[in-house]
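Data block for run12.cif (mmCIF, C-alpha atoms):
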```cif
data_model
loop_
_atom_site.group_PDB
_atom_site.id
_atom_site.type_symbol
_atom_site.label_atom_id
_atom_site.label_comp_id
_atom_site.auth_asym_id
_atom_site.auth_seq_id
_atom_site.Cartn_x
_atom_site.Cartn_y
_atom_site.Cartn_z
ATOM 1 C CA MET A 1 23.779 37.306 -75.277
ATOM 2 C CA SER A 2 22.486 40.509 -76.843
ATOM 3 C CA MET A 3 24.284 43.825 -76.568
ATOM 4 C CA ALA A 4 21.466 46.143 -77.738
ATOM 5 C CA GLY A 5 21.148 49.289 -75.672
ATOM 6 C CA SER A 6 24.043 48.299 -73.436
ATOM 7 C CA PRO A 7 27.023 50.676 -73.541
ATOM 8 C CA SER A 8 28.960 48.399 -71.196
ATOM 9 C CA ARG A 9 28.521 45.457 -73.579
ATOM 10 C CA ARG A 10 29.705 47.606 -76.485
ATOM 11 C CA ARG A 11 32.807 48.650 -74.565
ATOM 12 C CA GLU A 12 33.458 45.035 -73.648
ATOM 13 C CA LEU A 13 33.109 43.979 -77.285
ATOM 14 C CA SER A 14 35.429 46.783 -78.432
ATOM 15 C CA ARG A 15 38.092 45.667 -75.973
ATOM 16 C CA THR A 16 37.657 42.041 -77.044
ATOM 17 C CA LEU A 17 38.040 42.867 -80.739
ATOM 18 C CA SER A 18 41.095 45.044 -80.035
ATOM 19 C CA ARG A 19 42.740 42.231 -78.104
ATOM 20 C CA ILE A 20 41.976 39.676 -80.805
ATOM 21 C CA SER A 21 43.152 41.891 -83.663
ATOM 22 C CA ARG A 22 46.509 42.551 -81.973
ATOM 23 C CA ALA A 23 47.150 38.988 -80.807
ATOM 24 C CA GLY A 24 50.066 36.981 -82.118
ATOM 25 C CA VAL A 25 49.599 33.379 -83.139
ATOM 26 C CA THR A 26 50.540 31.944 -79.722
ATOM 27 C CA GLN A 27 48.095 34.290 -77.973
ATOM 28 C CA THR A 28 45.399 33.466 -80.501
ATOM 29 C CA LEU A 29 45.742 29.735 -79.911
ATOM 30 C CA ALA A 30 45.756 30.216 -76.134
ATOM 31 C CA GLY A 31 42.496 32.151 -76.388
ATOM 32 C CA HIS A 32 40.612 29.284 -77.997
ATOM 33 C CA GLY A 33 40.641 26.883 -75.073
ATOM 34 C CA ASP A 34 37.695 24.505 -74.953
ATOM 35 C CA ALA A 35 34.965 27.056 -75.635
ATOM 36 C CA ALA A 36 31.975 25.545 -77.408
ATOM 37 C CA PRO A 37 30.998 27.021 -80.784
ATOM 38 C CA PRO A 38 28.051 29.444 -80.715
ATOM 39 C CA ALA A 39 24.650 27.844 -81.128
ATOM 40 C CA ARG A 40 23.513 30.385 -83.728
ATOM 41 C CA PRO A 41 26.318 32.072 -85.690
ATOM 42 C CA ALA A 42 25.751 35.380 -87.454
ATOM 43 C CA TYR A 43 24.953 35.311 -91.162
ATOM 44 C CA ARG A 44 28.062 36.690 -92.858
ATOM 45 C CA ILE A 45 27.933 38.948 -95.909
ATOM 46 C CA GLY A 46 31.259 39.855 -97.518
ATOM 47 C CA ILE A 47 31.389 43.017 -99.602
ATOM 48 C CA THR A 48 34.417 43.359 -101.825
ATOM 49 C CA GLY A 49 35.600 45.318 -104.847
ATOM 50 C CA ALA A 50 38.297 47.668 -106.037
ATOM 51 C CA PRO A 51 39.118 50.836 -104.068
ATOM 52 C CA GLY A 52 36.963 53.737 -105.215
ATOM 53 C CA ALA A 53 33.967 51.586 -106.093
ATOM 54 C CA GLY A 54 31.982 53.145 -103.235
ATOM 55 C CA LYS A 55 31.848 50.110 -100.948
ATOM 56 C CA SER A 56 31.749 52.026 -97.658
ATOM 57 C CA THR A 57 28.906 54.325 -98.671
ATOM 58 C CA LEU A 58 26.944 51.388 -100.070
ATOM 59 C CA ILE A 59 27.533 49.368 -96.894
ATOM 60 C CA ALA A 60 26.224 52.214 -94.736
ATOM 61 C CA ARG A 61 22.968 52.250 -96.687
ATOM 62 C CA PHE A 62 22.796 48.465 -96.905
ATOM 63 C CA ALA A 63 23.373 47.989 -93.157
ATOM 64 C CA ALA A 64 20.454 50.317 -92.462
ATOM 65 C CA ARG A 65 18.299 48.260 -94.821
ATOM 66 C CA ARG A 66 19.310 45.012 -93.108
ATOM 67 C CA LEU A 67 18.320 46.521 -89.753
ATOM 68 C CA GLU A 68 14.871 47.188 -91.189
ATOM 69 C CA ARG A 69 14.586 43.522 -92.154
ATOM 70 C CA THR A 70 15.842 41.921 -88.945
ATOM 71 C CA ALA A 71 14.676 42.447 -85.396
ATOM 72 C CA GLY A 72 18.186 41.625 -84.211
ATOM 73 C CA GLU A 73 21.605 43.256 -84.414
ATOM 74 C CA VAL A 74 24.051 43.867 -87.247
ATOM 75 C CA ALA A 75 27.828 44.290 -87.043
ATOM 76 C CA VAL A 76 30.072 45.861 -89.681
ATOM 77 C CA LEU A 77 33.779 44.999 -89.828
ATOM 78 C CA ALA A 78 35.446 47.418 -92.247
ATOM 79 C CA ILE A 79 39.012 46.404 -93.114
ATOM 80 C CA ASP A 80 41.390 49.201 -94.075
ATOM 81 C CA PRO A 81 44.743 48.707 -95.806
ATOM 82 C CA THR A 82 47.869 48.918 -93.669
ATOM 83 C CA SER A 83 50.847 50.654 -95.243
ATOM 84 C CA PRO A 84 53.713 48.196 -95.852
ATOM 85 C CA ILE A 85 56.130 51.076 -95.241
ATOM 86 C CA THR A 86 54.795 52.939 -92.190
ATOM 87 C CA HIS A 87 52.556 50.088 -90.940
ATOM 88 C CA GLY A 88 49.871 52.704 -90.333
ATOM 89 C CA SER A 89 46.250 52.515 -91.413
ATOM 90 C CA ILE A 90 43.623 55.175 -92.085
ATOM 91 C CA LEU A 91 40.523 53.832 -90.367
ATOM 92 C CA GLY A 92 38.057 56.050 -92.197
ATOM 93 C CA ASP A 93 35.038 53.827 -92.692
ATOM 94 C CA ARG A 94 33.518 54.783 -89.344
ATOM 95 C CA VAL A 95 33.469 58.414 -90.510
ATOM 96 C CA ARG A 96 31.703 57.510 -93.762
ATOM 97 C CA MET A 97 29.109 55.504 -91.799
ATOM 98 C CA ASP A 98 28.299 58.198 -89.244
ATOM 99 C CA ALA A 99 24.739 58.549 -90.526
ATOM 100 C CA ILE A 100 23.835 55.111 -89.137
ATOM 101 C CA ALA A 101 26.385 54.811 -86.313
ATOM 102 C CA GLY A 102 23.896 55.986 -83.701
ATOM 103 C CA ASP A 103 21.526 53.019 -84.052
ATOM 104 C CA PRO A 104 21.882 50.907 -80.878
ATOM 105 C CA ARG A 105 21.361 47.710 -82.872
ATOM 106 C CA LEU A 106 24.336 48.441 -85.138
ATOM 107 C CA TYR A 107 27.994 48.008 -84.265
ATOM 108 C CA ILE A 108 30.697 49.344 -86.616
ATOM 109 C CA ARG A 109 34.386 48.602 -86.276
ATOM 110 C CA SER A 110 37.257 49.562 -88.599
ATOM 111 C CA LEU A 111 40.218 47.204 -88.560
ATOM 112 C CA PRO A 112 43.696 47.418 -90.091
ATOM 113 C CA SER A 113 44.713 44.647 -92.463
ATOM 114 C CA ARG A 114 48.138 44.517 -90.722
ATOM 115 C CA GLY A 115 50.210 41.652 -92.139
ATOM 116 C CA SER A 116 47.385 40.017 -94.067
ATOM 117 C CA HIS A 117 47.883 39.697 -97.824
ATOM 118 C CA ASP A 118 44.412 38.459 -98.791
ATOM 119 C CA GLY A 119 42.363 41.656 -98.540
ATOM 120 C CA LEU A 120 41.202 40.670 -95.075
ATOM 121 C CA ALA A 121 42.682 41.216 -91.600
ATOM 122 C CA ASP A 122 44.850 39.227 -89.227
ATOM 123 C CA ASN A 123 42.715 37.000 -86.992
ATOM 124 C CA LEU A 124 39.521 37.699 -88.961
ATOM 125 C CA PRO A 125 38.138 34.179 -88.236
ATOM 126 C CA ASP A 126 38.478 34.895 -84.499
ATOM 127 C CA LEU A 127 36.949 38.363 -84.866
ATOM 128 C CA LEU A 128 33.927 36.860 -86.607
ATOM 129 C CA LEU A 129 33.658 34.184 -83.934
ATOM 130 C CA ALA A 130 33.592 36.926 -81.285
ATOM 131 C CA LEU A 131 30.633 38.557 -83.078
ATOM 132 C CA ASP A 132 28.865 35.186 -83.048
ATOM 133 C CA ARG A 133 29.381 34.873 -79.299
ATOM 134 C CA TYR A 134 28.034 38.384 -78.709
ATOM 135 C CA GLY A 135 24.784 37.356 -80.377
ATOM 136 C CA PHE A 136 24.804 39.315 -83.638
ATOM 137 C CA ASP A 137 22.330 38.207 -86.280
ATOM 138 C CA GLU A 138 24.375 39.420 -89.232
ATOM 139 C CA ALA A 139 27.955 40.501 -89.896
ATOM 140 C CA LEU A 140 28.953 42.624 -92.895
ATOM 141 C CA VAL A 141 32.646 42.380 -93.800
ATOM 142 C CA GLU A 142 34.157 45.028 -96.073
ATOM 143 C CA THR A 143 37.447 43.836 -97.548
ATOM 144 C CA VAL A 144 40.382 46.001 -98.585
ATOM 145 C CA GLY A 145 39.709 45.421 -102.269
ATOM 146 C CA VAL A 146 42.889 44.067 -103.799
ATOM 147 C CA GLY A 147 41.530 41.778 -106.501
ATOM 148 C CA GLN A 148 42.399 38.120 -106.956
ATOM 149 C CA ALA A 149 43.735 37.679 -103.420
ATOM 150 C CA GLU A 150 40.211 38.158 -102.111
ATOM 151 C CA HIS A 151 39.278 34.577 -102.954
ATOM 152 C CA ALA A 152 39.928 34.052 -99.227
ATOM 153 C CA VAL A 153 36.784 35.955 -98.266
ATOM 154 C CA ARG A 154 34.624 33.352 -99.968
ATOM 155 C CA THR A 155 35.596 30.736 -97.401
ATOM 156 C CA LEU A 156 34.793 32.938 -94.412
ATOM 157 C CA VAL A 157 31.404 34.413 -95.385
ATOM 158 C CA ASP A 158 28.054 33.069 -96.548
ATOM 159 C CA THR A 159 27.259 35.547 -99.331
ATOM 160 C CA VAL A 160 29.799 37.531 -101.364
ATOM 161 C CA VAL A 161 28.816 40.849 -102.961
ATOM 162 C CA LEU A 162 31.231 42.255 -105.548
ATOM 163 C CA VAL A 163 30.968 46.022 -106.086
ATOM 164 C CA LEU A 164 32.077 47.350 -109.487
ATOM 165 C CA HIS A 165 32.605 50.870 -110.777
ATOM 166 C CA PRO A 166 31.320 51.775 -114.268
ATOM 167 C CA GLU A 167 33.983 51.940 -116.996
ATOM 168 C CA SER A 168 36.805 51.193 -114.559
ATOM 169 C CA GLY A 169 37.853 48.048 -116.372
ATOM 170 C CA ASP A 170 36.712 45.946 -113.441
ATOM 171 C CA SER A 171 34.217 43.922 -115.426
ATOM 172 C CA VAL A 172 36.690 42.922 -118.136
ATOM 173 C CA GLN A 173 39.349 42.033 -115.554
ATOM 174 C CA ALA A 174 36.791 40.098 -113.544
ATOM 175 C CA MET A 175 35.926 37.938 -116.529
ATOM 176 C CA LYS A 176 39.584 37.253 -117.308
ATOM 177 C CA ALA A 177 40.527 36.502 -113.713
ATOM 178 C CA GLY A 178 37.654 34.115 -113.055
ATOM 179 C CA ILE A 179 36.207 36.363 -110.389
ATOM 180 C CA LEU A 180 32.837 34.751 -111.056
ATOM 181 C CA GLU A 181 34.058 32.101 -108.633
ATOM 182 C CA ILE A 182 34.045 34.767 -105.900
ATOM 183 C CA ALA A 183 30.833 36.703 -106.327
ATOM 184 C CA ASP A 184 27.306 35.583 -105.472
ATOM 185 C CA ILE A 185 25.901 39.020 -106.298
ATOM 186 C CA TYR A 186 27.267 41.819 -108.480
ATOM 187 C CA VAL A 187 26.562 45.483 -107.813
ATOM 188 C CA VAL A 188 27.403 48.080 -110.437
ATOM 189 C CA ASN A 189 27.641 51.075 -108.128
ATOM 190 C CA LYS A 190 27.393 54.762 -109.078
ATOM 191 C CA ALA A 191 25.089 53.557 -111.836
ATOM 192 C CA ASP A 192 24.197 57.109 -112.863
ATOM 193 C CA LEU A 193 27.667 57.399 -114.421
ATOM 194 C CA PRO A 194 28.272 56.608 -118.116
ATOM 195 C CA GLY A 195 29.023 52.982 -118.879
ATOM 196 C CA ALA A 196 27.076 51.465 -115.993
ATOM 197 C CA ARG A 197 24.507 49.644 -118.110
ATOM 198 C CA LYS A 198 27.195 48.403 -120.488
ATOM 199 C CA THR A 199 29.160 46.985 -117.552
ATOM 200 C CA ALA A 200 26.028 45.317 -116.174
ATOM 201 C CA ALA A 201 25.191 43.815 -119.569
ATOM 202 C CA GLU A 202 28.717 42.370 -119.927
ATOM 203 C CA ILE A 203 28.557 40.707 -116.524
ATOM 204 C CA ARG A 204 25.043 39.343 -117.129
ATOM 205 C CA ALA A 205 26.175 37.821 -120.430
ATOM 206 C CA VAL A 206 29.000 35.950 -118.710
ATOM 207 C CA THR A 207 26.898 34.749 -115.755
ATOM 208 C CA ARG A 208 24.252 33.391 -118.119
ATOM 209 C CA ARG A 209 26.895 31.412 -120.018
ATOM 210 C CA VAL A 210 28.391 29.783 -116.924
ATOM 211 C CA GLY A 211 25.120 29.144 -115.081
ATOM 212 C CA ASP A 212 23.489 25.710 -115.233
ATOM 213 C CA GLY A 213 20.694 23.663 -113.673
ATOM 214 C CA GLY A 214 20.782 23.970 -109.912
ATOM 215 C CA ALA A 215 23.748 26.343 -109.792
ATOM 216 C CA TRP A 216 23.266 29.840 -108.435
ATOM 217 C CA THR A 217 23.330 32.497 -111.161
ATOM 218 C CA PRO A 218 24.646 35.762 -109.669
ATOM 219 C CA PRO A 219 22.260 38.670 -110.228
ATOM 220 C CA VAL A 220 23.652 41.978 -111.463
ATOM 221 C CA ILE A 221 22.223 45.031 -109.711
ATOM 222 C CA LEU A 222 22.508 48.723 -110.570
ATOM 223 C CA CYS A 223 22.799 51.046 -107.539
ATOM 224 C CA THR A 224 22.869 54.822 -107.243
ATOM 225 C CA GLN A 225 23.219 57.033 -104.199
ATOM 226 C CA GLY A 226 19.914 58.836 -104.598
ATOM 227 C CA ASP A 227 17.691 55.881 -105.530
ATOM 228 C CA ASP A 228 16.642 53.117 -103.126
ATOM 229 C CA ALA A 229 15.390 50.755 -105.859
ATOM 230 C CA GLY A 230 18.811 49.161 -106.333
ATOM 231 C CA LEU A 231 19.298 48.858 -102.578
ATOM 232 C CA THR A 232 15.976 47.032 -102.268
ATOM 233 C CA GLU A 233 16.995 44.722 -105.105
ATOM 234 C CA LEU A 234 20.313 43.989 -103.372
ATOM 235 C CA ASP A 235 18.553 43.251 -100.082
ATOM 236 C CA GLU A 236 16.171 40.830 -101.792
ATOM 237 C CA ALA A 237 19.016 39.175 -103.719
ATOM 238 C CA VAL A 238 20.856 38.468 -100.457
ATOM 239 C CA GLU A 239 17.713 36.844 -99.056
ATOM 240 C CA ARG A 240 17.280 34.702 -102.174
ATOM 241 C CA HIS A 241 20.904 33.582 -102.034
ATOM 242 C CA ARG A 242 20.599 32.838 -98.334
ATOM 243 C CA ALA A 243 17.583 30.596 -98.961
ATOM 244 C CA TRP A 244 19.304 28.910 -101.926
ATOM 245 C CA ALA A 245 22.465 28.230 -99.886
ATOM 246 C CA ALA A 246 20.478 26.878 -96.934
ATOM 247 C CA GLU A 247 19.035 24.184 -99.208
ATOM 248 C CA ARG A 248 22.181 23.249 -101.117
ATOM 249 C CA ARG A 249 25.282 23.896 -99.021
ATOM 250 C CA ASP A 250 26.700 21.236 -96.742
ATOM 251 C CA ALA A 251 27.075 22.920 -93.341
ATOM 252 C CA GLY A 252 29.731 20.396 -92.305
ATOM 253 C CA ALA A 253 31.791 21.050 -95.415
ATOM 254 C CA VAL A 254 31.571 24.809 -94.816
ATOM 255 C CA ARG A 255 32.717 24.374 -91.213
ATOM 256 C CA LEU A 256 35.682 22.210 -92.246
ATOM 257 C CA ALA A 257 36.716 24.625 -95.015
ATOM 258 C CA ARG A 258 36.735 27.499 -92.539
ATOM 259 C CA ALA A 259 38.734 25.486 -90.005
ATOM 260 C CA ARG A 260 41.261 24.580 -92.706
ATOM 261 C CA HIS A 261 41.579 28.223 -93.786
ATOM 262 C CA HIS A 262 42.034 29.255 -90.162
ATOM 263 C CA ALA A 263 44.808 26.709 -89.566
ATOM 264 C CA GLN A 264 46.578 27.646 -92.796
ATOM 265 C CA ALA A 265 46.430 31.355 -91.963
ATOM 266 C CA LEU A 266 47.845 30.773 -88.468
ATOM 267 C CA LEU A 267 50.702 28.640 -89.785
ATOM 268 C CA SER A 268 51.536 31.249 -92.414
ATOM 269 C CA ARG A 269 51.510 34.033 -89.846
ATOM 270 C CA ARG A 270 53.633 32.055 -87.391
ATOM 271 C CA ALA A 271 56.239 31.428 -90.093
ATOM 272 C CA ALA A 272 56.250 35.173 -90.826
ATOM 273 C CA GLU A 273 56.693 35.918 -87.111
ATOM 274 C CA LEU A 274 59.657 33.534 -86.883
ATOM 275 C CA ILE A 275 61.295 35.071 -89.945
ATOM 276 C CA GLU A 276 60.835 38.545 -88.460
ATOM 277 C CA GLU A 277 62.354 37.423 -85.149
ATOM 278 C CA SER A 278 65.363 35.725 -86.754
ATOM 279 C CA ASP A 279 68.884 37.135 -86.839
ATOM 280 C CA PRO A 280 69.315 38.973 -90.180
ATOM 281 C CA ALA A 281 72.614 37.146 -90.659
ATOM 282 C CA LEU A 282 70.600 33.935 -91.112
ATOM 283 C CA PHE A 283 69.432 35.142 -94.519
ATOM 284 C CA ASP A 284 72.933 35.801 -95.834
ATOM 285 C CA GLY A 285 73.274 32.329 -97.308
ATOM 286 C CA PRO A 286 71.565 29.553 -99.282
ATOM 287 C CA LEU A 287 67.768 29.385 -99.115
ATOM 288 C CA GLU A 288 67.358 25.696 -98.218
ATOM 289 C CA PRO A 289 69.017 25.902 -94.758
ATOM 290 C CA ILE A 290 66.880 28.951 -93.974
ATOM 291 C CA TYR A 291 63.764 27.026 -94.936
ATOM 292 C CA HIS A 292 64.644 24.064 -92.737
ATOM 293 C CA ARG A 293 65.599 26.357 -89.835
ATOM 294 C CA ILE A 294 62.157 27.963 -89.887
ATOM 295 C CA LEU A 295 60.511 24.537 -90.156
ATOM 296 C CA ARG A 296 62.428 23.398 -87.078
ATOM 297 C CA ARG A 297 61.287 26.490 -85.196
ATOM 298 C CA LEU A 298 57.697 25.701 -86.153
ATOM 299 C CA ALA A 299 58.217 22.130 -84.935
ATOM 300 C CA ASP A 300 59.634 23.471 -81.662
ATOM 301 C CA ASP A 301 56.347 25.335 -81.159
ATOM 302 C CA LEU A 302 54.648 21.962 -81.020
ATOM 303 C CA GLY A 303 57.083 20.491 -78.516
ATOM 304 C CA GLY A 304 55.252 18.790 -75.700
ATOM 305 C CA LYS A 305 51.860 19.281 -77.364
#
```

Whole structure given in structure tokens:
Amino acid sequence: MSMAGSPSRRRELSRTLSRISRAGVTQTLAGHGDAAPPARPAYRIGITGAPGAGKSTLIARFAARRLERTAGEVAVLAIDPTSPITHGSILGDRVRMDAIAGDPRLYIRSLPSRGSHDGLADNLPDLLLALDRYGFDEALVETVGVGQAEHAVRTLVDTVVLVLHPESGDSVQAMKAGILEIADIYVVNKADLPGARKTAAEIRAVTRRVGDGGAWTPPVILCTQGDDAGLTELDEAVERHRAWAAERRDAGAVRLARARHHAQALLSRRAAELIEESDPALFDGPLEPIYHRILRRLADDLGGK
């Protein structure tokens, strides 16, 4: 179900992703129906890290490199933060990726995070499923970059790349926060800046201490804008991790973990929708009755199911 060279397929995909991203929980559930899962899902690469680490520029270069490796198609979902005050979002990643946007085998879409609090976007599991059904070989997901909350991305993608900025304090915070549980590959970006090699050495020291036997030891890669050596190293590291995961990961366990995450996210969002819809006077009282009222509303959703 390829979309290469087909403007009509691209427009159709754009409309599909727009509809999915705006859908409420009830609409999302109605859209699932009895559709069979795709026979060959896209390989998912999550790219995360603090704002200002240069993720978007790196992704533009990396997507081009992945296109060189595969004969198929690559999609980029770039998630931008939504303001909690204005509810607006600056969808600027498409602008930063203009250099590669003209390749017919590449599809780039910026998405607002909306109500999501995990660095991702509302309905991201369904957005990724849509890419699978449109026949993409790979999907790159750029998260908002909000730190610890991005543990969620690990469940939804196959390889996680954490992008760090030299001397930003990211490496020290990462060690303290246990972010080694998130990343499969580290990239110290803007490596021509002072402190890059020190940051890389600190991360390597920690990964060597926690690595054992058959466990994957995350490589630490230095990348700079004007040098393709780091980009090549990143590309090869993704391939090594992909091969390692294919041998050791239980595909059934991965599928169940993603289904569990999906259900939990939908329940959380539906509770938020019900709270938003409720009469403000409901909240002018003890917490326990409010809690049970929302639970009853959730139970009413299941009436007759």

Which of A:Val74, A:Ala152, A:Val160, A:Leu267 sits closest to Ala245 of chain A [using only C-alpha atoms]: A:Val160

I need the output of the PyMOL selection byres ((chain A and resi 76) around 7) for this file as a ChimeraX atom specification; which residues are they? /A:74-75,77-78,107-109,139-141

Could those residues be written to a file, using C-alpha atoms, as a PDB file, keeping the file's coordinate frame?
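Here's the written file selection-v2.pdb:
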```
ATOM      1  CA  VAL A  74      24.051  43.867 -87.247  1.00  0.00           C
ATOM      2  CA  ALA A  75      27.828  44.290 -87.043  1.00  0.00           C
ATOM      3  CA  LEU A  77      33.779  44.999 -89.828  1.00  0.00           C
ATOM      4  CA  ALA A  78      35.446  47.418 -92.247  1.00  0.00           C
ATOM      5  CA  TYR A 107      27.994  48.008 -84.265  1.00  0.00           C
ATOM      6  CA  ILE A 108      30.697  49.344 -86.616  1.00  0.00           C
ATOM      7  CA  ARG A 109      34.386  48.602 -86.276  1.00  0.00           C
ATOM      8  CA  ALA A 139      27.955  40.501 -89.896  1.00  0.00           C
ATOM      9  CA  LEU A 140      28.953  42.624 -92.895  1.00  0.00           C
ATOM     10  CA  VAL A 141      32.646  42.380 -93.800  1.00  0.00           C
TER      11      VAL A 141
END
```

So which residues get picked by the PyMOL selection byres ((chain A and resi 226) around 12) here, written as a ChimeraX atom specification? /A:57-58,61,189-192,223-225,227-231

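For the residues A:Pro38, A:Leu295, A:Pro218, A:Val144, ranking by smallest atom-to-atom distance to Ser268 of chain A using all atoms listed in the file places A:Leu295 first.
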
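Those residues returned by the PyMOL selection byres ((chain A and resi 69) around 12) for this file are A:Phe62, A:Ala63, A:Ala64, A:Arg65, A:Arg66, A:Leu67, A:Glu68, A:Thr70, A:Ala71, A:Gly72, A:Glu73, A:Val74, A:Asp137, A:Glu138, A:Thr232, A:Asp235, A:Glu236, A:Val238, A:Glu239.
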
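Here atom CA of Tyr186 of chain A is placed at a distance of 12.7 Å from atom CA of Ala50 of chain A.
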
Ranking A:Leu287, A:Leu282, A:Ile45, A:Ala201 by minimum distance to Glu142 of chain A and counting all atoms listed in the file, which one comes first?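 Closest to Glu142 of chain A of all the choices is A:Ile45.
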
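Residue nearest Gln264 of chain A, chosen from A:Pro41, A:Pro7, A:Pro125, A:Gly54 and counting all atoms listed in the file: A:Pro125.
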
Kindly give the distance, in Å, that separates atom CA of Val161 of chain A and atom CA of Arg240 of chain A, rounded to a single decimal.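 Interatomic distance here is 13.1 Å.
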
From A:Asn123, A:Thr48, A:Thr143, A:Ala205, residue lying nearest Ala183 of chain A [all atoms listed in the file]: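 Comparing A:Asn123, A:Thr48, A:Thr143, A:Ala205 against Ala183 of chain A, the winner is A:Thr48.
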
One-decimal distance in Å that lies between atom CA of Leu111 of chain A and atom CA of Val188 of chain A: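 Value for the atom CA of Val188 of chain A-atom CA of Leu111 of chain A distance: 25.4 Å.
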
My list of candidates is A:Ser56, A:Ser110, A:Thr26, A:Thr217. Which is closest to Asp301 of chain A when distances are computed with all atoms listed in the file? A:Thr26
